[in-house]
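Printed here is my_file10.cif (mmCIF, C-alpha atoms):
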```cif
data_data
loop_
_atom_site.label_atom_id
_atom_site.label_comp_id
_atom_site.auth_asym_id
_atom_site.auth_seq_id
_atom_site.Cartn_x
_atom_site.Cartn_y
_atom_site.Cartn_z
CA MET A 1197 0.00 0.00 0.00
CA GLY A 1198 2.97 2.27 0.69
CA GLU A 1199 0.98 4.70 2.85
CA LYS A 1200 1.91 6.14 6.21
CA VAL A 1201 -0.34 5.79 9.23
CA ALA A 1202 -0.77 9.58 9.24
CA ARG A 1203 -2.74 9.40 5.97
CA LEU A 1204 -5.42 7.05 7.31
CA MET A 1205 -5.59 7.78 11.03
CA ARG A 1206 -8.27 9.88 12.70
CA ARG A 1207 -7.31 12.56 15.20
CA GLY A 1208 -8.48 12.15 18.79
CA ALA A 1209 -9.91 9.13 20.59
CA ILE A 1210 -12.61 8.04 23.02
CA THR A 1211 -10.93 7.69 26.41
CA CYS A 1212 -11.59 6.65 29.99
CA ARG A 1213 -9.64 6.47 33.24
CA ALA A 1214 -8.13 3.27 34.56
CA GLU A 1215 -10.45 3.41 37.59
CA ALA A 1216 -13.65 3.64 35.54
CA SER A 1217 -16.05 0.74 36.07
CA ILE A 1218 -16.82 -1.62 33.19
CA ARG A 1219 -20.41 -0.35 33.21
CA ASP A 1220 -19.14 3.23 32.72
CA VAL A 1221 -16.83 2.12 29.92
CA ALA A 1222 -19.68 0.26 28.21
CA GLN A 1223 -21.83 3.40 28.46
CA ILE A 1224 -19.06 5.60 27.06
CA MET A 1225 -18.67 3.22 24.11
CA ALA A 1226 -22.43 2.90 23.57
CA VAL A 1227 -23.26 6.60 23.55
CA ASN A 1228 -20.29 7.40 21.31
CA SER A 1229 -20.97 4.46 18.97
CA ALA A 1230 -17.33 3.53 19.52
CA HIS A 1231 -16.16 -0.08 19.38
CA TYR A 1232 -13.16 0.76 21.55
CA CYS A 1233 -12.12 2.94 24.48
CA VAL A 1234 -8.56 4.01 25.19
CA VAL A 1235 -7.57 3.79 28.86
CA ILE A 1236 -5.35 6.67 30.00
CA ASN A 1237 -3.64 7.73 33.22
CA ASN A 1238 -3.63 11.15 34.89
CA GLN A 1239 -0.89 12.37 32.55
CA HIS A 1240 -3.11 11.45 29.59
CA GLU A 1241 -0.73 8.65 28.62
CA VAL A 1242 -2.03 5.44 27.08
CA LEU A 1243 -2.24 2.45 29.41
CA GLY A 1244 -4.18 0.19 27.08
CA ILE A 1245 -7.28 -0.27 25.01
CA ILE A 1246 -10.66 -1.84 25.70
CA SER A 1247 -12.56 -3.26 22.74
CA SER A 1248 -16.10 -4.60 22.42
CA ARG A 1249 -14.53 -8.03 22.76
CA SER A 1250 -12.92 -7.06 26.10
CA ILE A 1251 -16.34 -5.99 27.40
CA LEU A 1252 -17.85 -9.22 26.12
CA LYS A 1253 -15.22 -11.25 27.98
CA ALA A 1254 -16.09 -9.41 31.18
CA PHE A 1255 -19.69 -10.63 30.99
CA GLY A 1256 -20.54 -12.44 34.21
CA ARG A 1257 -18.25 -10.26 36.36
CA ASP A 1258 -19.52 -7.47 38.60
CA LEU A 1259 -19.74 -4.59 36.11
CA ASP A 1260 -19.70 -1.91 38.81
CA GLN A 1261 -16.78 -3.33 40.78
CA THR A 1262 -14.52 -4.42 37.91
CA MET A 1263 -12.39 -1.57 36.63
CA ALA A 1264 -11.07 -0.68 33.19
CA LYS A 1265 -7.52 -1.51 34.27
CA ASP A 1266 -8.64 -5.08 35.05
CA ILE A 1267 -9.67 -5.93 31.50
CA LEU A 1268 -7.66 -3.65 29.23
CA LEU A 1269 -5.33 -4.92 26.55
CA PRO A 1270 -2.01 -3.38 27.65
CA TYR A 1271 -0.43 -0.92 25.28
CA THR A 1272 2.98 -2.52 24.89
CA PHE A 1273 3.66 -1.35 21.35
CA THR A 1274 4.01 2.05 19.73
CA ILE A 1275 2.48 3.11 16.44
CA THR A 1276 3.37 6.58 15.25
CA PRO A 1277 2.00 8.64 12.34
CA ASN A 1278 5.22 8.01 10.42
CA ASP A 1279 4.97 4.20 10.55
CA PRO A 1280 3.98 2.39 7.33
CA ILE A 1281 0.42 1.04 7.26
CA GLU A 1282 1.82 -2.48 6.88
CA VAL A 1283 3.26 -2.28 10.41
CA ALA A 1284 -0.18 -1.43 11.79
CA ILE A 1285 -1.85 -4.21 9.76
CA HIS A 1286 0.67 -6.72 11.10
CA LEU A 1287 -0.03 -5.55 14.63
CA MET A 1288 -3.81 -5.73 14.17
CA ASN A 1289 -3.60 -9.29 12.89
CA ARG A 1290 -1.15 -10.45 15.53
CA ARG A 1291 -3.20 -9.02 18.41
CA LYS A 1292 -6.61 -9.54 16.75
CA ILE A 1293 -7.58 -5.90 17.24
CA GLU A 1294 -9.42 -3.61 14.84
CA HIS A 1295 -8.34 -0.34 16.47
CA VAL A 1296 -4.80 0.85 17.09
CA VAL A 1297 -3.78 3.82 19.23
CA VAL A 1298 -1.43 6.24 17.48
CA THR A 1299 0.98 8.21 19.68
CA MET A 1300 3.48 10.88 18.73
CA GLY A 1301 6.26 8.51 19.69
CA LEU A 1302 8.70 11.33 20.33
CA THR A 1303 10.92 11.12 23.40
CA GLY A 1304 8.85 8.29 24.78
CA ASN A 1305 5.71 10.41 24.92
CA ARG A 1306 2.68 8.09 24.99
CA THR A 1307 -0.04 10.74 24.79
CA VAL A 1308 -2.89 9.76 22.47
CA PHE A 1309 -2.57 11.43 19.09
CA GLY A 1310 -5.23 9.53 17.16
CA MET A 1311 -6.65 6.17 16.17
CA LEU A 1312 -6.22 3.90 13.18
CA HIS A 1313 -9.23 1.70 12.44
CA ALA A 1314 -9.39 -1.48 10.34
CA GLU A 1315 -12.35 -0.03 8.44
CA ASP A 1316 -10.24 2.90 7.23
CA ILE A 1317 -7.68 0.44 5.88
CA VAL A 1318 -10.43 -1.61 4.17
CA ASP A 1319 -11.74 1.63 2.68
CA LYS A 1320 -8.31 2.47 1.30
CA MET A 1321 -7.75 -1.01 -0.17
CA THR A 1322 -10.24 -0.55 -3.02
CA GLN A 1323 -9.17 3.01 -3.81
CA ASN A 1324 -5.82 1.82 -5.18
CA MET B 1103 -33.95 -10.24 26.83
CA ARG B 1104 -34.01 -12.44 23.74
CA VAL B 1105 -31.46 -12.40 20.92
CA CYS B 1106 -34.04 -11.14 18.41
CA GLU B 1107 -34.57 -8.00 20.50
CA LEU B 1108 -30.86 -7.08 20.43
CA MET B 1109 -29.58 -8.29 17.04
CA ASP B 1110 -29.13 -6.21 13.88
CA ARG B 1111 -31.60 -7.30 11.23
CA ASN B 1112 -29.58 -5.92 8.35
CA VAL B 1113 -27.68 -8.97 7.10
CA ILE B 1114 -25.42 -8.43 4.09
CA VAL B 1115 -24.67 -11.61 2.19
CA CYS B 1116 -22.32 -12.58 -0.62
CA ASP B 1117 -21.87 -15.73 -2.67
CA LEU B 1118 -19.06 -18.21 -2.07
CA ASN B 1119 -17.61 -17.34 -5.47
CA ASP B 1120 -17.72 -13.55 -5.13
CA SER B 1121 -14.31 -11.89 -5.19
CA VAL B 1122 -12.90 -10.14 -2.14
CA LYS B 1123 -13.00 -6.93 -4.17
CA ASP B 1124 -16.79 -7.27 -4.38
CA VAL B 1125 -16.95 -8.15 -0.67
CA ILE B 1126 -15.09 -4.94 0.20
CA ARG B 1127 -17.52 -2.94 -1.94
CA MET B 1128 -20.40 -4.47 0.01
CA MET B 1129 -18.68 -3.64 3.30
CA LYS B 1130 -18.12 -0.03 2.26
CA ALA B 1131 -21.73 0.37 1.22
CA ASN B 1132 -22.95 -1.00 4.57
CA LYS B 1133 -20.91 0.78 7.25
CA PHE B 1134 -18.14 -1.85 7.13
CA CYS B 1135 -20.31 -4.55 8.65
CA PRO B 1136 -19.18 -8.19 8.44
CA ILE B 1137 -20.37 -10.08 5.38
CA VAL B 1138 -22.18 -13.41 5.63
CA VAL B 1139 -21.14 -15.93 2.97
CA VAL B 1140 -23.97 -18.11 1.61
CA ASP B 1141 -24.26 -20.74 -1.10
CA GLN B 1142 -26.72 -20.68 -3.99
CA THR B 1143 -29.55 -21.98 -1.79
CA GLY B 1144 -29.01 -19.17 0.73
CA GLU B 1145 -27.50 -21.41 3.40
CA VAL B 1146 -24.84 -19.87 5.66
CA TRP B 1147 -21.27 -21.08 5.09
CA GLY B 1148 -19.12 -18.49 6.78
CA LEU B 1149 -18.39 -14.93 7.82
CA ILE B 1150 -15.87 -12.37 6.56
CA SER B 1151 -14.63 -9.79 9.04
CA ARG B 1152 -12.63 -6.60 8.49
CA LEU B 1153 -9.54 -8.24 9.98
CA ALA B 1154 -9.77 -11.07 7.45
CA VAL B 1155 -9.85 -8.49 4.67
CA ILE B 1156 -6.93 -6.30 5.76
CA ARG B 1157 -4.73 -9.40 5.87
CA LEU B 1158 -4.98 -9.38 2.07
CA CYS B 1159 -3.60 -5.87 1.68
CA GLY B 1160 -1.32 -5.69 -1.35
CA LYS B 1161 -2.76 -8.82 -3.05
CA ASP B 1162 -4.91 -9.01 -6.19
CA LEU B 1163 -8.34 -8.88 -4.56
CA SER B 1164 -10.23 -9.77 -7.72
CA GLN B 1165 -8.51 -13.17 -7.83
CA ILE B 1166 -9.40 -14.22 -4.28
CA SER B 1167 -12.86 -15.63 -3.56
CA ALA B 1168 -15.02 -15.10 -0.50
CA GLU B 1169 -14.73 -18.82 0.27
CA ASP B 1170 -10.93 -18.49 0.51
CA VAL B 1171 -11.03 -15.85 3.27
CA MET B 1172 -14.22 -16.59 5.21
CA ARG B 1173 -14.22 -18.09 8.68
CA PRO B 1174 -16.46 -21.19 8.51
CA TYR B 1175 -19.58 -20.83 10.60
CA LYS B 1176 -21.26 -23.95 11.93
CA PHE B 1177 -23.53 -22.75 14.74
CA GLU B 1178 -27.29 -22.42 14.73
CA VAL B 1179 -28.30 -19.55 16.99
CA ASP B 1180 -32.04 -19.23 17.43
CA PRO B 1181 -33.52 -15.70 17.66
CA GLN B 1182 -35.48 -16.81 20.73
CA TRP B 1183 -32.36 -17.69 22.72
CA PRO B 1184 -31.76 -15.60 25.85
CA VAL B 1185 -28.99 -13.07 25.18
CA GLU B 1186 -26.90 -14.61 27.96
CA ARG B 1187 -26.74 -17.93 26.13
CA ALA B 1188 -25.53 -16.22 22.95
CA ILE B 1189 -22.90 -14.24 24.90
CA GLU B 1190 -21.55 -17.44 26.44
CA LEU B 1191 -21.28 -18.92 22.94
CA MET B 1192 -19.40 -15.84 21.72
CA LYS B 1193 -16.99 -16.07 24.64
CA ARG B 1194 -16.39 -19.78 24.12
CA THR B 1195 -15.92 -19.68 20.35
CA ARG B 1196 -14.24 -16.24 20.11
CA PHE B 1197 -16.69 -15.20 17.40
CA GLU B 1198 -17.34 -11.47 17.65
CA HIS B 1199 -20.41 -11.82 15.46
CA LEU B 1200 -23.06 -14.51 15.67
CA ILE B 1201 -25.26 -15.15 12.68
CA ILE B 1202 -28.85 -15.65 13.77
CA ILE B 1203 -30.66 -18.35 11.85
CA ASP B 1204 -34.35 -18.44 10.96
CA PRO B 1205 -35.64 -21.62 12.64
CA HIS B 1206 -38.64 -21.83 10.32
CA ALA B 1207 -36.99 -21.33 6.94
CA GLY B 1208 -35.26 -24.68 6.46
CA PRO B 1209 -31.49 -24.87 6.06
CA LYS B 1210 -29.56 -22.11 7.90
CA ARG B 1211 -31.08 -18.90 6.50
CA PRO B 1212 -29.59 -15.80 8.14
CA ILE B 1213 -32.04 -13.27 9.61
CA GLY B 1214 -29.80 -11.20 11.86
CA ILE B 1215 -26.36 -10.61 13.33
CA LEU B 1216 -25.52 -10.25 17.00
CA SER B 1217 -22.22 -8.39 17.44
CA SER B 1218 -19.99 -7.76 20.42
CA PHE B 1219 -21.05 -4.11 20.14
CA ASN B 1220 -24.70 -5.15 20.64
CA VAL B 1221 -23.48 -6.86 23.80
CA VAL B 1222 -21.79 -3.62 24.91
CA TRP B 1223 -25.19 -1.93 24.57
CA TYR B 1224 -26.81 -4.71 26.55
CA MET B 1225 -24.20 -4.53 29.33
CA SER B 1226 -24.31 -0.74 29.51
CA HIS B 1227 -27.99 -1.00 30.50
CA ILE B 1228 -28.85 1.97 28.32
CA GLU B 1229 -32.20 1.57 26.70
CA MET B 1230 -31.98 1.41 22.90
CA GLY B 1231 -32.79 4.73 21.28
CA HIS B 1232 -32.74 6.64 24.55
CA TYR B 1233 -29.07 7.47 24.83
CA GLU B 1234 -29.64 10.99 23.55
CA SER B 1235 -30.98 11.89 26.99
CA ILE B 1236 -27.60 11.07 28.52
CA LEU B 1237 -25.95 13.56 26.20
CA LYS B 1238 -28.53 16.25 26.86
CA MET B 1239 -26.81 19.44 28.00
CA PRO B 1240 -28.05 21.45 30.98
CA GLU B 1241 -30.54 24.19 30.25
CA GLY B 1242 -28.88 27.41 29.16
CA TRP B 1243 -25.74 25.58 27.96
CA CYS B 1244 -24.21 26.85 24.74
CA PRO B 1245 -21.12 25.73 22.78
CA SER B 1246 -19.16 28.87 23.65
CA MET B 1247 -19.20 27.78 27.30
CA ALA B 1248 -17.22 24.60 26.48
#
```
Re-express the file's structure as C-alpha cells.
Amino acid sequence: MGEKVARLMRRGAITCRAEASIRDVAQIMAVNSAHYCVVINNQHEVLGIISSRSILKAFGRDLDQTMAKDILLPYTFTITPNDPIEVAIHLMNRRKIEHVVVTMGLTGNRTVFGMLHAEDIVDKMTQN
Amino acid sequence: MRVCELMDRNVIVCDLNDSVKDVIRMMKANKFCPIVVVDQTGEVWGLISRLAVIRLCGKDLSQISAEDVMRPYKFEVDPQWPVERAIELMKRTRFEHLIIIDPHAGPKRPIGILSSFNVVWYMSHIEMGHYESILKMPEGWCPSMA
C-alpha cells in the first residue's frame, strides 16, 4: 500500500480512566458508537485499550466493581503517524484488534494522538 | 432479553464465489459490517470480518474468492435464545459476530447478526434509542461555554 499511518488515522480518541467501572466504559462506548475505548492515566498517557470483545469477555463479572484496568489490553507497542500502514496491519492481525492507538512517539511520549481503524484500511484497499 | 430484540436485522450476504474486491464494496456500502457468505440456496457457510480483509492488503483482490477468506460458521443460533446464552457462545468460540438463523426457513437462512457491540449496549444498561438523553446538556448551555 505504501501509505503512512498519518494518511489514514483519525485525530483524537474516546478515552476513559483506569479506575472507571466496566459499566461506565460500556456506556461511554455505547453513547459514542465507539467499538473501543482508550484507557489513559492522569498524565493522559495510554495504558491500554478496551474493545467490544474485552467488554464481552467481562460478561458475568460485577460490572460496577470491575475496573477498566482489570480488563484492558495493555499498550505494549508504539504506532506513530510516520509508521507504514503495513506495520499497523501486522499488529492488528497479531493481536486480533481492529483499532490501534497512534501516539506521537517522540521522546517516549505516549499521549494519544489519534486512532487507526481497520475499516479505514479496508476503505483504502479498493481506492488503489 | 431475547437475541431477536438485540440483534441487527440488516444482514449483508455474498456468494461463495464472489471476489474479495466485491466483498469490500459491500462492506463499504454498509458501514463496514461483516459479510455473511452463503451458497446458492441461501445457506450460511461463513463470515468475513474486516480483519480477514486487511490481511490481504497488497494482493490481487479480484482473484481471491469469499470462500478463501471466510471463517467457517457452523452454529445455529435461534432468535429466541436468551442473550446470555448467545454471549456465552461468543466467549467460548471467540466469534465477535453470531449469525442468527431463521428456525422456520429450512437450512440455515440468516435473519440477523448479533455483534460484540450489541453486547456492549446490553451490558451498559442503556435503553436502545434513549441514549440521547444522557448527552442532553443542561438548560442554558451553549457551545461557547465549552
- Kindly provide, as a ChimeraX atom specification, the polymer residues lying within 10 Å of (-16.3, 0.6, -2.5), counting only C-alpha atoms and using the coordinates exactly as they appear in the file. /A:1318-1323 /B:1123-1132
- Within 9 Å of chain A: residues of chain B, using only C-alpha atoms, as a ChimeraX atom specification: /B:1123,1126-1127,1129-1130,1133-1134,1152-1157,1159-1160,1163,1186,1189-1190,1192-1193,1196,1198,1217-1228,1233-1234,1236-1237
Taking the file as I've supplied it (selection: the PyMOL selection byres ((chain A and resi 1267-1277) around 6)), which residues are included? Please answer as a PDB file with C-alpha atoms, keeping the file's coordinate frame.
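Saved the output as selection_36.pdb:
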```pdb
ATOM      1  CA  VAL A1201      -0.340   5.790   9.230  1.00  0.00           C
ATOM      2  CA  ALA A1202      -0.770   9.580   9.240  1.00  0.00           C
ATOM      3  CA  LEU A1243      -2.240   2.450  29.410  1.00  0.00           C
ATOM      4  CA  GLY A1244      -4.180   0.190  27.080  1.00  0.00           C
ATOM      5  CA  ILE A1245      -7.280  -0.270  25.010  1.00  0.00           C
ATOM      6  CA  ILE A1246     -10.660  -1.840  25.700  1.00  0.00           C
ATOM      7  CA  ALA A1264     -11.070  -0.680  33.190  1.00  0.00           C
ATOM      8  CA  LYS A1265      -7.520  -1.510  34.270  1.00  0.00           C
ATOM      9  CA  ASP A1266      -8.640  -5.080  35.050  1.00  0.00           C
ATOM     10  CA  ASN A1278       5.220   8.010  10.420  1.00  0.00           C
ATOM     11  CA  ASP A1279       4.970   4.200  10.550  1.00  0.00           C
ATOM     12  CA  VAL A1298      -1.430   6.240  17.480  1.00  0.00           C
ATOM     13  CA  THR A1299       0.980   8.210  19.680  1.00  0.00           C
ATOM     14  CA  MET A1300       3.480  10.880  18.730  1.00  0.00           C
ATOM     15  CA  GLY A1301       6.260   8.510  19.690  1.00  0.00           C
TER      16      GLY A1301
END
```
- Message: Could you list, as a ChimeraX atom specification, every residue matched by the PyMOL selection byres ((chain B and resi 1109-1114) around 6) in this structure?
- Response: /B:1105-1106,1108,1115,1137,1214-1216
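One finds CA of Val1235 in chain A at 18.4 Å from CA of Met1205 in chain A.
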- Item | B:Ile1203, B:Val1138, B:Cys1116, B:Ala1188 ranked by distance to Pro1174 in chain B, top pick (using all atoms listed in the file) |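 For Pro1174 in chain B, the nearest of the candidates is B:Val1138.
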- Message: Please expand the PyMOL selection byres ((chain B and resi 1136) around 6) into the concrete residues it hits in this file, giving the result as a PyMOL selection string.
- Response: chain B and resi 1135+1137+1150-1151
Output the selection as an mmCIF file, keeping the file's coordinate frame - C-alpha atoms for each residue.
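Below you can see result-v5.cif, which holds the result:
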```cif
data_model
loop_
_atom_site.group_PDB
_atom_site.id
_atom_site.type_symbol
_atom_site.label_atom_id
_atom_site.label_comp_id
_atom_site.auth_asym_id
_atom_site.auth_seq_id
_atom_site.Cartn_x
_atom_site.Cartn_y
_atom_site.Cartn_z
ATOM 1 C CA CYS B 1135 -20.310 -4.550 8.650
ATOM 2 C CA ILE B 1137 -20.370 -10.080 5.380
ATOM 3 C CA ILE B 1150 -15.870 -12.370 6.560
ATOM 4 C CA SER B 1151 -14.630 -9.790 9.040
#
```
- Task: Measure the distance from CA of Met1103 in chain B to CA of Thr1195 in chain B in Å and round it to one decimal.
- Result: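 One can read the CA of Met1103 in chain B to CA of Thr1195 in chain B distance as 21.4 Å.
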- Pick the closest to Val1242 in chain A from A:Arg1291, A:Asp1258, A:Lys1200, A:Ala1214: which is it, counting all atoms listed in the file? A:Ala1214
- Calculate how many Å separate CA of Thr1211 in chain A from CA of Asp1260 in chain A, rounding to one decimal.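 Distance between the two atoms: 18.0 Å.
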Would you pull range 1246-1293 of chain A out of the block just shown and save C-alpha atoms as a short mmCIF file (atom, residue, chain, number, x, y, z; two decimals), in the first residue's frame?
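Listing of part24.cif after writing:
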```cif
data_model
loop_
_atom_site.label_atom_id
_atom_site.label_comp_id
_atom_site.auth_asym_id
_atom_site.auth_seq_id
_atom_site.Cartn_x
_atom_site.Cartn_y
_atom_site.Cartn_z
CA ILE A 1246 -10.66 -1.84 25.70
CA SER A 1247 -12.56 -3.26 22.74
CA SER A 1248 -16.10 -4.60 22.42
CA ARG A 1249 -14.53 -8.03 22.76
CA SER A 1250 -12.92 -7.06 26.10
CA ILE A 1251 -16.34 -5.99 27.40
CA LEU A 1252 -17.85 -9.22 26.12
CA LYS A 1253 -15.22 -11.25 27.98
CA ALA A 1254 -16.09 -9.41 31.18
CA PHE A 1255 -19.69 -10.63 30.99
CA GLY A 1256 -20.54 -12.44 34.21
CA ARG A 1257 -18.25 -10.26 36.36
CA ASP A 1258 -19.52 -7.47 38.60
CA LEU A 1259 -19.74 -4.59 36.11
CA ASP A 1260 -19.70 -1.91 38.81
CA GLN A 1261 -16.78 -3.33 40.78
CA THR A 1262 -14.52 -4.42 37.91
CA MET A 1263 -12.39 -1.57 36.63
CA ALA A 1264 -11.07 -0.68 33.19
CA LYS A 1265 -7.52 -1.51 34.27
CA ASP A 1266 -8.64 -5.08 35.05
CA ILE A 1267 -9.67 -5.93 31.50
CA LEU A 1268 -7.66 -3.65 29.23
CA LEU A 1269 -5.33 -4.92 26.55
CA PRO A 1270 -2.01 -3.38 27.65
CA TYR A 1271 -0.43 -0.92 25.28
CA THR A 1272 2.98 -2.52 24.89
CA PHE A 1273 3.66 -1.35 21.35
CA THR A 1274 4.01 2.05 19.73
CA ILE A 1275 2.48 3.11 16.44
CA THR A 1276 3.37 6.58 15.25
CA PRO A 1277 2.00 8.64 12.34
CA ASN A 1278 5.22 8.01 10.42
CA ASP A 1279 4.97 4.20 10.55
CA PRO A 1280 3.98 2.39 7.33
CA ILE A 1281 0.42 1.04 7.26
CA GLU A 1282 1.82 -2.48 6.88
CA VAL A 1283 3.26 -2.28 10.41
CA ALA A 1284 -0.18 -1.43 11.79
CA ILE A 1285 -1.85 -4.21 9.76
CA HIS A 1286 0.67 -6.72 11.10
CA LEU A 1287 -0.03 -5.55 14.63
CA MET A 1288 -3.81 -5.73 14.17
CA ASN A 1289 -3.60 -9.29 12.89
CA ARG A 1290 -1.15 -10.45 15.53
CA ARG A 1291 -3.20 -9.02 18.41
CA LYS A 1292 -6.61 -9.54 16.75
CA ILE A 1293 -7.58 -5.90 17.24
#
```
